[in-house]
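To keep things clear, I will list the structure first and then write my remarks on it.
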Amino acid sequence: ELAVHGWRHERFWRLCPRRELRDLARAADAVHRASGTRPRWYRPPYGVLTAPRL
């Protein structure tokens, strides 16, 4: 089972949604290249899930 946590682990209040999406996509792509499987799960940094992250 694979999951993504983010590429740079920046504080969520410092990222704009578009930048956060690029960061998450980069991490998911790295996991996919390394394992051959696309991650299905995401745990946001600090465990904080905000409306834009949904």
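Here's how to read the names in the structure tokens: chain A, B, ... by the order shown, residue numbers from 1 in each chain, ligand numbers from 1 in the order shown.
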
Check: Do you know which residues are at most 9 Å from Arg38 (chain A) counting only C-alpha atoms, after dropping those on the same chain fewer than 2 positions away, and could you put them as a list in words?
Finding: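 Near Arg38 (chain A), the qualifying residues are Leu2, Ala3, Ala28, Asp29, Val31, His32, Arg33, Ser35, Gly36 and Arg40 of chain A.
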
Notebook entry, point to check: Leaving out His5 (chain A) and any residue of its chain fewer than 6 positions from it, which residues lie within 8 Å of it when counting only C-alpha atoms, given as a PyMOL selection string?
Noted result: chain A and resi 24+27+42-45

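Put simply, CA of Ala34 (chain A) is 27.5 Å away from CA of Cys16 (chain A).
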
Next item on the list: Could you please write out, as a list in words, every residue of chain A that DSSP assigns to helix (DSSP H, G or I)?
Entry: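 Residues meeting the helix (DSSP H, G or I) criterion: Phe12, Trp13, Arg14, Pro17, Arg18, Arg19, Glu20, Leu21, Arg22, Asp23, Leu24, Ala25, Arg26, Ala27, Ala28, Asp29, Ala30, Val31, His32, Arg33, Ala34, Ser35, Pro45, Tyr46, Gly47, Ala51, Pro52 and Arg53 of chain A.
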
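Atom pair CA of Tyr46 (chain A) / CA of Gly6 (chain A): separated by 10.9 Å.
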
Next item on the list: Would you mind writing down, as a list in words, each residue of chain A that DSSP on the backbone assigns to strand (DSSP E or B)?
Entry: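 Everything in chain A that counts as strand (DSSP E or B) is Ala3, Val4, Trp41 and Tyr42 of chain A.
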
Go ahead and dump the residues you just picked, N, CA, C and O atoms, as a PDB file, in the first residue's frame.
ATOM      1  N   ALA A   3       1.197   5.614  -0.258  1.00  0.00           N
ATOM      2  CA  ALA A   3       0.515   6.880  -0.007  1.00  0.00           C
ATOM      3  C   ALA A   3       1.470   8.027  -0.312  1.00  0.00           C
ATOM      4  O   ALA A   3       2.667   7.828  -0.443  1.00  0.00           O
ATOM      5  N   VAL A   4       0.924   9.217  -0.420  1.00  0.00           N
ATOM      6  CA  VAL A   4       1.711  10.416  -0.689  1.00  0.00           C
ATOM      7  C   VAL A   4       1.528  11.374   0.481  1.00  0.00           C
ATOM      8  O   VAL A   4       0.439  11.522   1.030  1.00  0.00           O
ATOM      9  N   TRP A  41      -3.696   7.062  -1.686  1.00  0.00           N
ATOM     10  CA  TRP A  41      -3.942   7.732  -0.423  1.00  0.00           C
ATOM     11  C   TRP A  41      -3.067   8.969  -0.275  1.00  0.00           C
ATOM     12  O   TRP A  41      -1.969   9.032  -0.788  1.00  0.00           O
ATOM     13  N   TYR A  42      -3.571   9.925   0.480  1.00  0.00           N
ATOM     14  CA  TYR A  42      -2.863  11.168   0.735  1.00  0.00           C
ATOM     15  C   TYR A  42      -3.062  11.564   2.190  1.00  0.00           C
ATOM     16  O   TYR A  42      -4.181  11.585   2.691  1.00  0.00           O
TER      17      TYR A  42
END

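The space between CA of Arg18 (chain A) and CA of Leu49 (chain A) spans 15.9 Å.
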